[in-house]
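Text of work_36.txt (compact mmCIF, C-alpha atoms) as supplied:
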```
# COMPACT_ATOMS: atom_id res chain seq x y z
CA MET I 809 2.27 0.61 -35.78
CA ILE I 810 3.69 -1.08 -38.91
CA ALA I 811 7.13 -1.21 -37.30
CA LEU I 812 5.75 -3.42 -34.56
CA PHE I 813 4.56 -6.00 -37.08
CA ARG I 814 7.34 -6.07 -39.66
CA GLY I 815 9.23 -9.37 -39.64
CA SER I 816 9.46 -12.76 -41.26
CA PRO I 817 6.51 -13.74 -43.50
CA GLY I 818 3.59 -14.89 -41.43
CA ARG I 819 5.37 -14.19 -38.14
CA PRO I 820 5.88 -10.58 -37.04
CA PRO I 821 8.62 -9.66 -34.54
CA VAL I 822 6.10 -9.16 -31.76
CA PHE I 823 5.89 -12.99 -31.83
CA ASP I 824 9.40 -13.70 -33.11
CA TRP I 825 11.55 -12.14 -30.40
CA PRO I 826 10.88 -14.61 -27.53
CA ARG I 827 12.62 -17.34 -29.54
CA ASP I 828 15.90 -15.42 -29.22
CA VAL I 829 15.81 -15.05 -25.44
CA THR I 830 18.72 -16.71 -23.63
CA PRO I 831 18.33 -18.62 -20.33
CA ALA I 832 20.21 -15.87 -18.48
CA GLU I 833 17.89 -13.20 -19.90
CA ARG I 834 14.83 -15.28 -19.03
CA ARG I 835 15.93 -15.86 -15.42
CA SER I 836 16.84 -12.20 -14.87
CA LEU I 837 13.40 -11.13 -16.13
CA LEU I 838 11.68 -13.69 -13.92
CA ALA I 839 13.67 -12.59 -10.86
CA GLY I 840 13.07 -8.87 -11.40
CA GLY I 841 9.45 -9.42 -12.39
CA LEU I 842 8.60 -11.63 -9.42
CA GLY I 843 10.28 -9.22 -7.02
CA TRP I 844 8.40 -6.24 -8.46
CA MET I 845 5.08 -8.12 -8.60
CA LEU I 846 5.27 -9.14 -4.96
CA ASP I 847 6.50 -5.68 -4.01
CA ALA I 848 3.33 -4.28 -5.60
CA MET I 849 1.21 -6.76 -3.69
CA ASP I 850 2.70 -5.72 -0.35
CA VAL I 851 2.41 -1.99 -1.12
CA MET I 852 -1.16 -2.26 -2.44
CA LEU I 853 -2.42 -4.14 0.62
CA TYR I 854 -2.28 -0.89 2.58
CA SER I 855 -4.37 1.05 0.05
CA LEU I 856 -6.98 -1.72 0.01
CA VAL I 857 -7.44 -1.85 3.79
CA VAL I 858 -6.93 1.86 4.53
CA THR I 859 -10.64 2.43 5.16
CA HIS I 860 -10.48 -0.21 7.91
CA LEU I 861 -7.37 1.40 9.38
CA ILE I 862 -9.16 4.76 9.36
CA ARG I 863 -11.98 3.16 11.37
CA ASP I 864 -9.88 1.13 13.83
CA PHE I 865 -7.17 3.73 14.50
CA GLY I 866 -9.42 6.79 14.22
CA LEU I 867 -7.46 8.33 11.34
CA ASP I 868 -8.55 11.14 9.08
CA LYS I 869 -7.80 11.06 5.33
CA ALA I 870 -4.80 13.37 5.62
CA THR I 871 -3.13 11.17 8.26
CA ALA I 872 -3.89 8.01 6.28
CA GLY I 873 -2.28 9.62 3.24
CA LEU I 874 0.67 10.73 5.35
CA LEU I 875 1.40 7.10 6.29
CA ASN I 876 1.64 6.23 2.62
CA SER I 877 3.80 9.28 2.01
CA LEU I 878 6.12 8.00 4.72
CA THR I 879 6.50 4.74 2.79
CA LEU I 880 7.44 6.70 -0.34
CA VAL I 881 10.03 8.78 1.53
CA ALA I 882 11.54 5.54 2.83
CA SER I 883 11.52 4.08 -0.68
CA ALA I 884 13.68 6.98 -1.84
CA ILE I 885 16.18 6.26 0.92
CA GLY I 886 16.05 2.53 0.18
CA GLY I 887 16.56 3.05 -3.52
CA LEU I 888 19.64 5.18 -2.92
CA ALA I 889 21.09 2.72 -0.42
CA PHE I 890 20.38 -0.42 -2.43
CA GLY I 891 21.64 1.17 -5.65
CA PHE I 892 24.94 1.98 -3.94
CA LEU I 893 25.01 -1.58 -2.53
CA ALA I 894 24.22 -3.20 -5.89
CA ASP I 895 27.16 -1.43 -7.56
CA ARG I 896 29.45 -2.97 -4.95
CA VAL I 897 28.17 -6.45 -4.01
CA GLY I 898 26.12 -7.34 -7.09
CA ARG I 899 22.62 -7.03 -8.47
CA THR I 900 21.24 -10.38 -7.28
CA ARG I 901 22.47 -10.06 -3.70
CA ALA I 902 21.01 -6.59 -3.32
CA LEU I 903 17.77 -7.72 -4.99
CA SER I 904 17.41 -10.63 -2.57
CA LEU I 905 17.96 -8.41 0.46
CA SER I 906 15.41 -5.85 -0.73
CA ILE I 907 12.74 -8.56 -1.11
CA LEU I 908 13.43 -9.85 2.40
CA VAL I 909 13.11 -6.35 3.86
CA TYR I 910 9.74 -5.45 2.32
CA SER I 911 8.13 -8.86 2.86
CA LEU I 912 9.06 -9.13 6.54
CA ALA I 913 8.02 -5.51 7.12
CA SER I 914 4.62 -6.20 5.54
CA GLY I 915 4.03 -9.06 7.96
CA ALA I 916 5.07 -6.82 10.84
CA CYS I 917 2.35 -4.32 9.85
CA GLY I 918 -0.19 -6.93 10.93
CA LEU I 919 1.24 -6.90 14.46
CA SER I 920 1.00 -3.12 14.88
CA GLN I 921 -1.00 -1.93 17.88
CA THR I 922 -0.52 1.82 17.47
CA ILE I 923 -0.20 4.35 14.67
CA GLU I 924 3.46 4.84 15.58
CA GLN I 925 4.20 1.12 15.23
CA LEU I 926 2.39 0.96 11.90
CA ALA I 927 4.32 4.00 10.68
CA ILE I 928 7.64 2.34 11.54
CA CYS I 929 6.67 -0.86 9.71
CA ARG I 930 5.54 1.08 6.64
CA PHE I 931 8.81 3.01 6.67
CA VAL I 932 10.88 -0.20 6.72
CA LEU I 933 8.69 -1.67 3.97
CA GLY I 934 9.44 1.41 1.88
CA LEU I 935 13.20 0.82 2.22
CA GLY I 936 12.84 -2.60 0.58
CA MET I 937 10.34 -1.31 -1.97
CA GLY I 938 12.78 1.32 -3.24
CA GLY I 939 15.65 -1.15 -3.35
CA GLU I 940 13.77 -3.75 -5.38
CA TRP I 941 13.12 -1.55 -8.40
CA THR I 942 16.69 -0.23 -8.50
CA THR I 943 18.34 -3.65 -8.32
CA GLY I 944 15.82 -5.53 -10.47
CA ALA I 945 15.88 -2.96 -13.28
CA ALA I 946 19.69 -2.84 -13.30
CA LEU I 947 19.85 -6.66 -13.40
CA ILE I 948 17.53 -6.88 -16.42
CA ALA I 949 19.01 -3.90 -18.28
CA GLU I 950 22.52 -5.31 -18.07
CA THR I 951 21.51 -8.86 -18.99
CA TRP I 952 19.28 -8.13 -22.00
CA ARG I 953 20.42 -7.01 -25.45
CA ALA I 954 19.62 -3.49 -26.67
CA GLU I 955 17.06 -4.56 -29.29
CA HIS I 956 14.85 -6.24 -26.68
CA ARG I 957 15.76 -4.28 -23.54
CA GLY I 958 12.70 -2.04 -23.67
CA LYS I 959 10.35 -5.01 -23.99
CA ALA I 960 12.03 -6.84 -21.10
CA LEU I 961 11.87 -3.82 -18.80
CA GLY I 962 8.28 -3.22 -19.85
CA LEU I 963 7.37 -6.78 -18.95
CA MET I 964 9.11 -6.41 -15.60
CA GLN I 965 7.15 -3.23 -14.93
CA SER I 966 3.92 -4.94 -16.00
CA SER I 967 4.28 -7.39 -13.13
CA TRP I 968 3.35 -4.50 -10.80
CA ALA I 969 -0.19 -4.65 -12.17
CA ILE I 970 -0.33 -8.39 -11.57
CA GLY I 971 0.81 -7.81 -7.99
CA GLU I 972 -1.94 -5.24 -7.45
CA MET I 973 -4.53 -7.68 -8.80
CA ILE I 974 -3.20 -10.39 -6.49
CA ALA I 975 -3.51 -7.92 -3.59
CA ALA I 976 -7.14 -7.23 -4.52
CA GLY I 977 -7.81 -10.97 -4.56
CA VAL I 978 -6.06 -11.47 -1.21
CA VAL I 979 -8.13 -8.72 0.40
CA ALA I 980 -11.39 -10.06 -1.04
CA LEU I 981 -10.63 -13.56 0.28
CA VAL I 982 -8.96 -12.77 3.61
CA LEU I 983 -10.40 -9.48 4.87
CA PRO I 984 -14.07 -10.50 5.40
CA GLY I 985 -13.25 -13.54 7.52
CA TYR I 986 -9.94 -12.70 9.18
CA GLY I 987 -9.54 -8.92 9.26
CA TRP I 988 -6.90 -6.51 8.04
CA ARG I 989 -4.10 -7.94 10.21
CA ALA I 990 -4.26 -11.28 8.41
CA VAL I 991 -4.09 -9.43 5.09
CA PHE I 992 -0.69 -8.04 6.06
CA PHE I 993 0.51 -11.47 7.25
CA VAL I 994 0.08 -12.76 3.69
CA GLY I 995 2.71 -10.19 2.71
CA VAL I 996 5.46 -12.33 4.26
CA LEU I 997 5.23 -14.93 1.47
CA PRO I 998 7.43 -13.05 -1.07
CA ALA I 999 10.46 -13.85 1.11
CA LEU I 1000 10.38 -17.38 -0.32
CA VAL I 1001 11.42 -16.06 -3.76
CA VAL I 1002 14.82 -15.10 -2.34
CA PHE I 1003 15.93 -18.75 -2.10
CA TRP I 1004 15.44 -19.29 -5.84
CA ILE I 1005 17.16 -16.02 -6.79
CA ARG I 1006 20.23 -16.80 -4.71
CA ARG I 1007 20.46 -20.30 -6.23
CA ASP I 1008 19.65 -19.84 -9.92
CA VAL I 1009 20.05 -16.20 -11.02
CA GLU I 1010 23.55 -15.15 -12.04
CA GLU I 1011 25.06 -11.70 -12.03
CA PRO I 1012 25.12 -9.90 -15.42
CA ARG I 1013 28.39 -10.42 -17.27
CA LEU I 1014 28.50 -6.68 -17.91
CA TRP I 1015 28.80 -6.16 -14.15
CA THR I 1016 31.13 -9.07 -13.29
CA GLU I 1017 33.57 -8.23 -16.11
CA ARG I 1018 33.47 -4.46 -15.72
CA ALA I 1019 36.81 -2.71 -15.82
CA PRO I 1020 37.95 -0.98 -12.63
CA ALA I 1021 36.78 2.61 -12.65
CA PRO I 1022 39.61 5.11 -13.25
CA ALA I 1023 40.58 7.49 -10.49
CA GLY I 1024 37.78 9.96 -10.09
CA GLY I 1025 35.92 7.74 -12.61
CA PRO I 1026 32.38 8.44 -13.91
CA SER I 1027 30.77 10.99 -11.66
CA LEU I 1028 27.11 11.71 -11.26
CA TRP I 1029 27.86 15.28 -10.31
CA ARG I 1030 29.31 16.80 -13.47
CA GLY I 1031 28.72 17.27 -17.18
CA ALA I 1032 26.03 15.50 -19.14
CA LEU I 1033 25.43 12.95 -16.40
CA LEU I 1034 24.49 15.72 -13.97
CA ARG I 1035 22.18 17.44 -16.47
CA ASN I 1036 20.43 14.23 -17.47
CA GLY I 1037 20.24 13.06 -13.88
CA VAL I 1038 18.57 16.28 -12.73
CA LEU I 1039 16.10 16.21 -15.62
CA ALA I 1040 15.29 12.52 -15.12
CA THR I 1041 14.76 13.08 -11.40
CA ALA I 1042 12.46 16.07 -11.91
CA MET I 1043 10.51 14.27 -14.64
CA ASN I 1044 10.13 11.20 -12.47
CA ALA I 1045 9.08 13.24 -9.44
CA CYS I 1046 6.24 14.88 -11.39
CA ALA I 1047 5.11 11.63 -13.03
CA MET I 1048 5.14 9.77 -9.72
CA PHE I 1049 3.38 12.61 -7.95
CA GLY I 1050 0.60 12.05 -10.43
CA TYR I 1051 0.71 8.28 -10.05
CA TRP I 1052 0.91 7.93 -6.26
CA GLY I 1053 -1.62 10.66 -5.57
CA LEU I 1054 -4.06 8.99 -7.94
CA PHE I 1055 -3.65 5.26 -7.42
CA THR I 1056 -3.13 5.37 -3.65
CA TRP I 1057 -6.61 6.87 -3.33
CA ILE I 1058 -8.56 5.14 -6.11
CA PRO I 1059 -9.65 2.21 -3.87
CA SER I 1060 -11.04 4.71 -1.35
CA TYR I 1061 -12.49 6.86 -4.15
CA LEU I 1062 -14.48 3.86 -5.33
CA SER I 1063 -15.54 2.51 -1.92
CA LEU I 1064 -16.16 5.55 0.31
CA PRO I 1065 -19.77 6.81 0.45
CA ALA I 1066 -20.68 9.89 -1.55
CA ALA I 1067 -20.95 11.93 1.65
CA ASP I 1068 -17.22 11.30 2.20
CA GLY I 1069 -16.21 12.17 -1.35
CA GLY I 1070 -16.32 8.64 -2.78
CA ARG I 1071 -18.53 6.75 -5.20
CA GLY I 1072 -20.09 4.27 -2.76
CA LEU I 1073 -19.24 0.91 -4.41
CA ASP I 1074 -19.42 -2.16 -2.17
CA LEU I 1075 -16.40 -4.45 -1.52
CA MET I 1076 -17.14 -6.86 -4.35
CA LYS I 1077 -17.70 -4.11 -6.93
CA THR I 1078 -14.64 -2.22 -5.75
CA THR I 1079 -12.57 -5.39 -6.10
CA ALA I 1080 -14.01 -6.10 -9.57
CA TRP I 1081 -13.42 -2.53 -10.77
CA LEU I 1082 -9.83 -2.65 -9.48
CA LEU I 1083 -9.21 -5.96 -11.23
CA VAL I 1084 -10.41 -4.45 -14.50
CA MET I 1085 -8.07 -1.51 -13.93
CA GLY I 1086 -5.32 -4.02 -13.20
CA VAL I 1087 -5.75 -5.50 -16.67
CA GLY I 1088 -5.44 -2.00 -18.12
CA LYS I 1089 -2.27 -1.41 -16.08
CA TRP I 1090 -0.69 -4.65 -17.24
CA LEU I 1091 -1.41 -3.89 -20.89
CA GLY I 1092 -0.04 -0.36 -20.47
CA TYR I 1093 3.18 -1.52 -18.84
CA ALA I 1094 3.79 -4.41 -21.25
CA SER I 1095 2.88 -2.57 -24.45
CA PHE I 1096 5.15 0.37 -23.65
CA GLY I 1097 8.22 -1.78 -24.19
CA PHE I 1098 7.14 -2.65 -27.72
CA PHE I 1099 6.30 0.97 -28.56
CA GLY I 1100 9.54 2.16 -26.97
CA ASP I 1101 11.66 -0.30 -28.96
CA ALA I 1102 9.83 0.60 -32.18
CA PHE I 1103 9.30 4.37 -31.94
CA GLY I 1104 11.70 5.52 -29.24
CA ARG I 1105 11.59 5.87 -25.45
CA ARG I 1106 10.96 9.62 -25.30
CA ARG I 1107 8.15 9.81 -27.84
CA SER I 1108 6.27 6.91 -26.25
CA TYR I 1109 6.79 8.26 -22.72
CA VAL I 1110 5.45 11.72 -23.61
CA THR I 1111 2.44 10.28 -25.45
CA TYR I 1112 1.38 8.12 -22.50
CA LEU I 1113 1.66 11.02 -20.05
CA LEU I 1114 -0.28 13.49 -22.19
CA ILE I 1115 -3.16 11.06 -22.70
CA ALA I 1116 -3.20 10.35 -18.94
CA ALA I 1117 -3.40 14.10 -18.27
CA VAL I 1118 -6.58 14.24 -20.36
CA LEU I 1119 -8.24 11.11 -18.96
CA VAL I 1120 -7.70 11.67 -15.23
CA PRO I 1121 -10.07 14.69 -14.92
CA LEU I 1122 -12.74 12.71 -16.76
CA TYR I 1123 -12.33 9.87 -14.29
CA GLY I 1124 -12.43 12.25 -11.32
CA THR I 1125 -15.76 13.69 -12.45
CA ALA I 1126 -17.39 10.32 -13.31
CA THR I 1127 -20.29 9.64 -10.95
CA THR I 1128 -21.80 6.38 -12.16
CA PRO I 1129 -20.37 2.85 -11.77
CA PHE I 1130 -20.66 2.38 -15.55
CA TRP I 1131 -18.35 5.27 -16.45
CA LEU I 1132 -15.94 4.37 -13.66
CA LEU I 1133 -15.74 0.90 -15.16
CA VAL I 1134 -15.31 2.16 -18.74
CA LEU I 1135 -12.74 4.87 -18.01
CA GLY I 1136 -10.80 2.94 -15.38
CA PRO I 1137 -8.79 0.64 -17.70
CA PHE I 1138 -7.77 3.55 -19.94
CA VAL I 1139 -6.68 5.68 -16.97
CA ALA I 1140 -4.70 2.69 -15.74
CA PHE I 1141 -3.19 1.97 -19.19
CA PHE I 1142 -1.77 5.45 -19.75
CA GLY I 1143 -1.47 6.58 -16.11
CA THR I 1144 0.83 3.69 -15.22
CA GLY I 1145 2.25 2.40 -18.53
CA PHE I 1146 4.74 5.26 -18.75
CA PHE I 1147 6.65 3.68 -15.84
CA SER I 1148 8.08 1.09 -18.23
CA GLY I 1149 9.81 3.88 -20.12
CA PHE I 1150 11.69 5.24 -17.15
CA SER I 1151 13.64 2.05 -16.48
CA ALA I 1152 14.79 1.91 -20.12
CA ILE I 1153 15.63 5.62 -20.26
CA ALA I 1154 17.50 5.63 -16.95
CA SER I 1155 19.49 2.44 -17.60
CA GLU I 1156 20.64 3.80 -20.99
CA LEU I 1157 21.60 7.25 -19.70
CA PHE I 1158 24.27 6.07 -17.25
CA PRO I 1159 27.45 3.89 -17.49
CA THR I 1160 27.90 0.52 -15.75
CA PRO I 1161 30.17 1.59 -12.83
CA VAL I 1162 27.49 3.94 -11.52
CA ARG I 1163 24.35 2.63 -13.25
CA ALA I 1164 22.54 1.18 -10.22
CA THR I 1165 23.53 4.16 -8.07
CA ALA I 1166 22.39 6.64 -10.73
CA MET I 1167 19.12 4.78 -11.36
CA GLY I 1168 18.57 4.65 -7.61
CA VAL I 1169 19.17 8.38 -7.28
CA SER I 1170 17.00 9.47 -10.21
CA TYR I 1171 14.14 7.06 -9.59
CA ASN I 1172 13.99 7.12 -5.82
CA LEU I 1173 14.85 10.75 -5.22
CA GLY I 1174 12.04 11.44 -7.64
CA ARG I 1175 9.82 9.11 -5.68
CA GLY I 1176 10.84 10.81 -2.45
CA LEU I 1177 9.92 14.21 -3.87
CA SER I 1178 6.58 12.76 -4.95
CA ALA I 1179 5.90 11.38 -1.48
CA ALA I 1180 3.75 14.37 -0.60
CA ALA I 1181 1.15 13.32 -3.17
CA PRO I 1182 -0.98 10.93 -1.04
CA PHE I 1183 -1.01 13.47 1.81
CA VAL I 1184 -1.84 16.41 -0.48
CA VAL I 1185 -4.67 14.52 -2.17
CA GLY I 1186 -6.03 13.42 1.21
CA ALA I 1187 -5.89 16.98 2.50
CA LEU I 1188 -7.61 18.39 -0.61
CA ALA I 1189 -10.24 15.67 -0.42
CA LYS I 1190 -11.33 16.83 3.03
CA ASP I 1191 -12.85 19.96 1.50
CA HIS I 1192 -13.29 19.19 -2.19
CA GLY I 1193 -13.64 15.41 -2.51
CA LEU I 1194 -11.23 12.90 -4.03
CA GLY I 1195 -12.46 13.37 -7.60
CA ALA I 1196 -11.67 17.06 -7.60
CA ALA I 1197 -8.29 16.43 -5.97
CA PHE I 1198 -7.32 14.22 -8.92
CA PHE I 1199 -7.13 17.31 -11.17
CA LEU I 1200 -3.80 18.07 -9.50
CA GLN I 1201 -2.51 14.67 -10.62
CA ALA I 1202 -3.43 15.43 -14.22
CA ALA I 1203 -1.36 18.62 -14.03
CA ALA I 1204 1.60 16.64 -12.68
CA PHE I 1205 1.43 14.22 -15.62
CA PHE I 1206 1.43 17.16 -18.05
CA VAL I 1207 4.52 18.78 -16.48
CA ALA I 1208 6.35 15.41 -16.53
CA ALA I 1209 5.67 15.14 -20.26
CA LEU I 1210 7.21 18.58 -20.88
CA LEU I 1211 10.34 17.65 -18.91
CA ALA I 1212 10.69 14.38 -20.83
CA LEU I 1213 11.06 16.35 -24.06
CA LEU I 1214 14.35 17.77 -22.74
CA LEU I 1215 16.02 14.36 -22.38
CA PRO I 1216 17.97 12.67 -25.23
CA GLU I 1217 16.52 9.70 -27.11
CA THR I 1218 18.26 6.47 -25.99
CA LYS I 1219 16.62 3.86 -28.22
CA GLY I 1220 19.12 1.22 -29.38
CA ARG I 1221 21.97 2.52 -27.21
CA ALA I 1222 24.49 -0.20 -26.26
CA LEU I 1223 25.34 -0.21 -22.56
CA ALA I 1224 28.92 0.57 -21.60
```

Output the file's structure as structure tokens, nothing else.
Amino acid sequence: MIALFRGSPGRPPVFDWPRDVTPAERRSLLAGGLGWMLDAMDVMLYSLVVTHLIRDFGLDKATAGLLNSLTLVASAIGGLAFGFLADRVGRTRALSLSILVYSLASGACGLSQTIEQLAICRFVLGLGMGGEWTTGAALIAETWRAEHRGKALGLMQSSWAIGEMIAAGVVALVLPGYGWRAVFFVGVLPALVVFWIRRDVEEPRLWTERAPAPAGGPSLWRGALLRNGVLATAMNACAMFGYWGLFTWIPSYLSLPAADGGRGLDLMKTTAWLLVMGVGKWLGYASFGFFGDAFGRRRSYVTYLLIAAVLVPLYGTATTPFWLLVLGPFVAFFGTGFFSGFSAIASELFPTPVRATAMGVSYNLGRGLSAAAPFVVGALAKDHGLGAAFFLQAAAFFVAALLALLLPETKGRALA
């Protein structure tokens, strides 16, 4: 901890570093952070209204989980496609397109009349969702200096928690009076951010001034890049299996009656409990960058995952609103904060000519492999309840931590 607070007399670096941020770094962080925040809002809207979709469309839990799994499969495809695109047309152009795709698809969800139509809209939304992380993380990683890169990527990742809290507020305000369709219509608003990105956010100099890749130039399919890519993908798949299986179902876990495997909280309590968890998520995301820059990416990543593996079973067996409220922020802190480490690790493992493509492959292929999680948890919950199903997510966090130990430490690495 001392390393976090060692700096000029009376002013530790945790407060010092923002004074060194350049306008280009600030705009790249704002663009990536806004895109990720609004992406989270659009994705979370589904989880918050899923009980109403179950009622209106006659879904069971497994089918409802399958729809969310479909979004994750699409996000893997979108991440691969947008990463490839970003390495060729630029980070900001690809980022803008990804935001347009997920915001328009969210609005289209509100027009769905059948399960098939809703599935198509959620699939398209997933394409944009996967593309946003790939392009936004590459933009920030290549714009920020090594000594602050972890903090910047952590702050970008922390905007996901803000987006989820905004989604909870939107649902609380819109759902009672206007229904779930209107909730999805609000998801169109992120498209407005695209106009500012296209006007004011420049491409990273590292990308615009990159040297032409030599013939056969850096390949993802050989040597150390292949080994690290496979490990990063497997690690990310396990970590995200834990995350998506857990946090897709937590709103239902809180709100469904006990007879259906839930904890029976009403709408206002569910919203309040989720907002408290959102604060825990934000602190977990944001703090990881400081720990990662001070103590290393790998050590911090493993620590977060191991603590999450211990806390999740406790949360799954909690039966009173009090313990759900107390444990929730800690589960959110460690069970989501590790995400901030992956963007730093992945951006520092791969060279500029293939960085966005490689980050897209490792992050989104991992996310695609984890797409079964919402379905599996929903299927297990039919017989054992959601709380018991969460034990599987704890095991996934533990395996991800073991895989992370096999990757090299990348703290302080200059991008090339």

Extract, using all atoms listed in the file, all DNA, RNA and protein residues at most 12 Å from region 1039-1042 of chain I, discarding same-chain residues fewer than 6 positions from it, and format them as a PyMOL selection string.
chain I and resi 884+1032-1033+1048-1049+1106+1149-1158+1166-1178+1204-1205+1207-1216

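Comparing I:Pro1182, I:Gly1100, I:Gly1195, I:Gly1145 by their smallest distance to Ser966 (chain I), the closest is I:Gly1145 (using only C-alpha atoms).
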
Please determine, counting all atoms listed in the file, which residue among I:Val1084, I:Leu1075, I:Leu842, I:Ile885 has the shortest atom-to-atom distance to Ile907 (chain I).
I:Leu842

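For the residues I:Gly915, I:Gly866, I:Pro826, I:Gly1092, ranking by smallest atom-to-atom distance to Trp952 (chain I) using all atoms listed in the file places I:Pro826 first.
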
d(CA of Leu947 (chain I), CA of Gly1104 (chain I)) in Å
21.6 Å

Find the residues near Pro1121 (chain I): any atom within 12 Å, counting all atoms listed in the file, skip ones fewer than 2 places away on the same chain, and give them as a VMD selection string.
chain I and resid 1050 1054 1115 to 1119 1123 to 1126 1132 1135 to 1136 1139 1143 1194 to 1203 1205

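Each of I:Asn1044, I:Ser967, I:Thr943, I:Thr1111 was compared to Leu1091 (chain I) using only C-alpha atoms, and I:Ser967 turns out to be the nearest.
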
Contact residues around Phe1098 (chain I) with only C-alpha atoms at 6 Å, ignoring same-chain residues under 3 positions, as a PyMOL selection string:
chain I and resi 959+1095+1101

Same residues, C-alpha atoms, output as an mmCIF file, in the frame of the given file:
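Final output, saved to selection_3.cif:
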```
data_model
loop_
_atom_site.group_PDB
_atom_site.id
_atom_site.type_symbol
_atom_site.label_atom_id
_atom_site.label_comp_id
_atom_site.auth_asym_id
_atom_site.auth_seq_id
_atom_site.Cartn_x
_atom_site.Cartn_y
_atom_site.Cartn_z
ATOM 1 C CA LYS I 959 10.350 -5.010 -23.990
ATOM 2 C CA SER I 1095 2.880 -2.570 -24.450
ATOM 3 C CA ASP I 1101 11.660 -0.300 -28.960
#
```

Let me have the centre and edge lengths in Å, one decimal, of the box along x, y and z around every listed atom of region 976-985 of chain I with 5 Å of margin on each side, as lines of an AutoDock Vina configuration file.
```
center_x = -10.1
center_y = -10.4
center_z = 1.5
size_x = 18.0
size_y = 16.3
size_z = 22.1
```

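When all atoms listed in the file are used to compute distances to Gly1097 (chain I), the closest of the residues I:Pro1012, I:Gly1037, I:Gly962, I:Gly977 turns out to be I:Gly962.
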
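Across the model, the gap from CA of Gly843 (chain I) to CA of Arg1006 (chain I) is 12.7 Å.
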
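Compared by their closest atoms to Arg1221 (chain I), and using all atoms listed in the file, the residues I:Ile862, I:Leu983, I:Ala949, I:Cys929 rank with I:Ala949 nearest.
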
Return as a Markdown table the residues of region 849-915 of chain I lying at most 7 Å from region 986-1002 of chain I, together with the closest atom-to-atom pair for each and the distance in Å to one decimal, counting all atoms listed in the file, with rows in chain order and ascending residue number.
```
| residue | atom | partner | partner_atom | distance |
| --- | --- | --- | --- | --- |
| I:Asp850 | CA | I:Gly995 | CA | 5.4 |
| I:Leu853 | CA | I:Phe992 | CA | 6.9 |
| I:Val857 | CA | I:Trp988 | CA | 6.3 |
| I:Ser904 | CA | I:Val1002 | CA | 5.2 |
| I:Ile907 | CA | I:Ala999 | CA | 6.2 |
| I:Leu908 | CA | I:Ala999 | CA | 5.1 |
| I:Ser911 | CA | I:Val996 | CA | 4.6 |
| I:Leu912 | CA | I:Val996 | CA | 5.3 |
| I:Ser914 | CA | I:Gly995 | CA | 5.3 |
| I:Gly915 | CA | I:Phe993 | CA | 4.3 |
```

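The spacing separating CA of Trp941 (chain I) from CA of Leu903 (chain I) amounts to 8.4 Å.
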
Within 10 Å of Thr859 (chain I), counting all atoms listed in the file, which residues show up once you throw out same-chain ones fewer than 3 positions away? Write them as a ChimeraX atom specification, please.
/I:854-856,862-864,867-869,872,1059-1060,1063-1064

Please, which residues are within 10 Å of (-3.3, -8.5, -7.8) by the file's coordinates, counting all atoms listed in the file, and could they come as a PDB file with C-alpha atoms, keeping the file's coordinate frame?
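Below is the file out_32.pdb, written as the result:
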```
ATOM      1  CA  MET I 845       5.080  -8.120  -8.600  1.00  0.00           C
ATOM      2  CA  LEU I 846       5.270  -9.140  -4.960  1.00  0.00           C
ATOM      3  CA  ALA I 848       3.330  -4.280  -5.600  1.00  0.00           C
ATOM      4  CA  MET I 849       1.210  -6.760  -3.690  1.00  0.00           C
ATOM      5  CA  ASP I 850       2.700  -5.720  -0.350  1.00  0.00           C
ATOM      6  CA  MET I 852      -1.160  -2.260  -2.440  1.00  0.00           C
ATOM      7  CA  LEU I 853      -2.420  -4.140   0.620  1.00  0.00           C
ATOM      8  CA  SER I 967       4.280  -7.390 -13.130  1.00  0.00           C
ATOM      9  CA  TRP I 968       3.350  -4.500 -10.800  1.00  0.00           C
ATOM     10  CA  ALA I 969      -0.190  -4.650 -12.170  1.00  0.00           C
ATOM     11  CA  ILE I 970      -0.330  -8.390 -11.570  1.00  0.00           C
ATOM     12  CA  GLY I 971       0.810  -7.810  -7.990  1.00  0.00           C
ATOM     13  CA  GLU I 972      -1.940  -5.240  -7.450  1.00  0.00           C
ATOM     14  CA  MET I 973      -4.530  -7.680  -8.800  1.00  0.00           C
ATOM     15  CA  ILE I 974      -3.200 -10.390  -6.490  1.00  0.00           C
ATOM     16  CA  ALA I 975      -3.510  -7.920  -3.590  1.00  0.00           C
ATOM     17  CA  ALA I 976      -7.140  -7.230  -4.520  1.00  0.00           C
ATOM     18  CA  GLY I 977      -7.810 -10.970  -4.560  1.00  0.00           C
ATOM     19  CA  VAL I 978      -6.060 -11.470  -1.210  1.00  0.00           C
ATOM     20  CA  VAL I 979      -8.130  -8.720   0.400  1.00  0.00           C
ATOM     21  CA  THR I1079     -12.570  -5.390  -6.100  1.00  0.00           C
ATOM     22  CA  LEU I1082      -9.830  -2.650  -9.480  1.00  0.00           C
ATOM     23  CA  LEU I1083      -9.210  -5.960 -11.230  1.00  0.00           C
ATOM     24  CA  GLY I1086      -5.320  -4.020 -13.200  1.00  0.00           C
ATOM     25  CA  VAL I1087      -5.750  -5.500 -16.670  1.00  0.00           C
TER      26      VAL I1087
END
```

Residue neighbourhood Leu926 (chain I), 12 Å, all atoms listed in the file, exclusion window fewer than 4 positions, as a list of chain:residue names:
I:Tyr854, I:Val858, I:Leu861, I:Phe865, I:Ala872, I:Leu874, I:Leu875, I:Asn876, I:Leu878, I:Thr879, I:Ala913, I:Ser914, I:Gly915, I:Ala916, I:Cys917, I:Gly918, I:Leu919, I:Ser920, I:Gln921, I:Thr922, I:Arg930, I:Phe931, I:Val932, I:Leu933, I:Arg989, I:Phe992
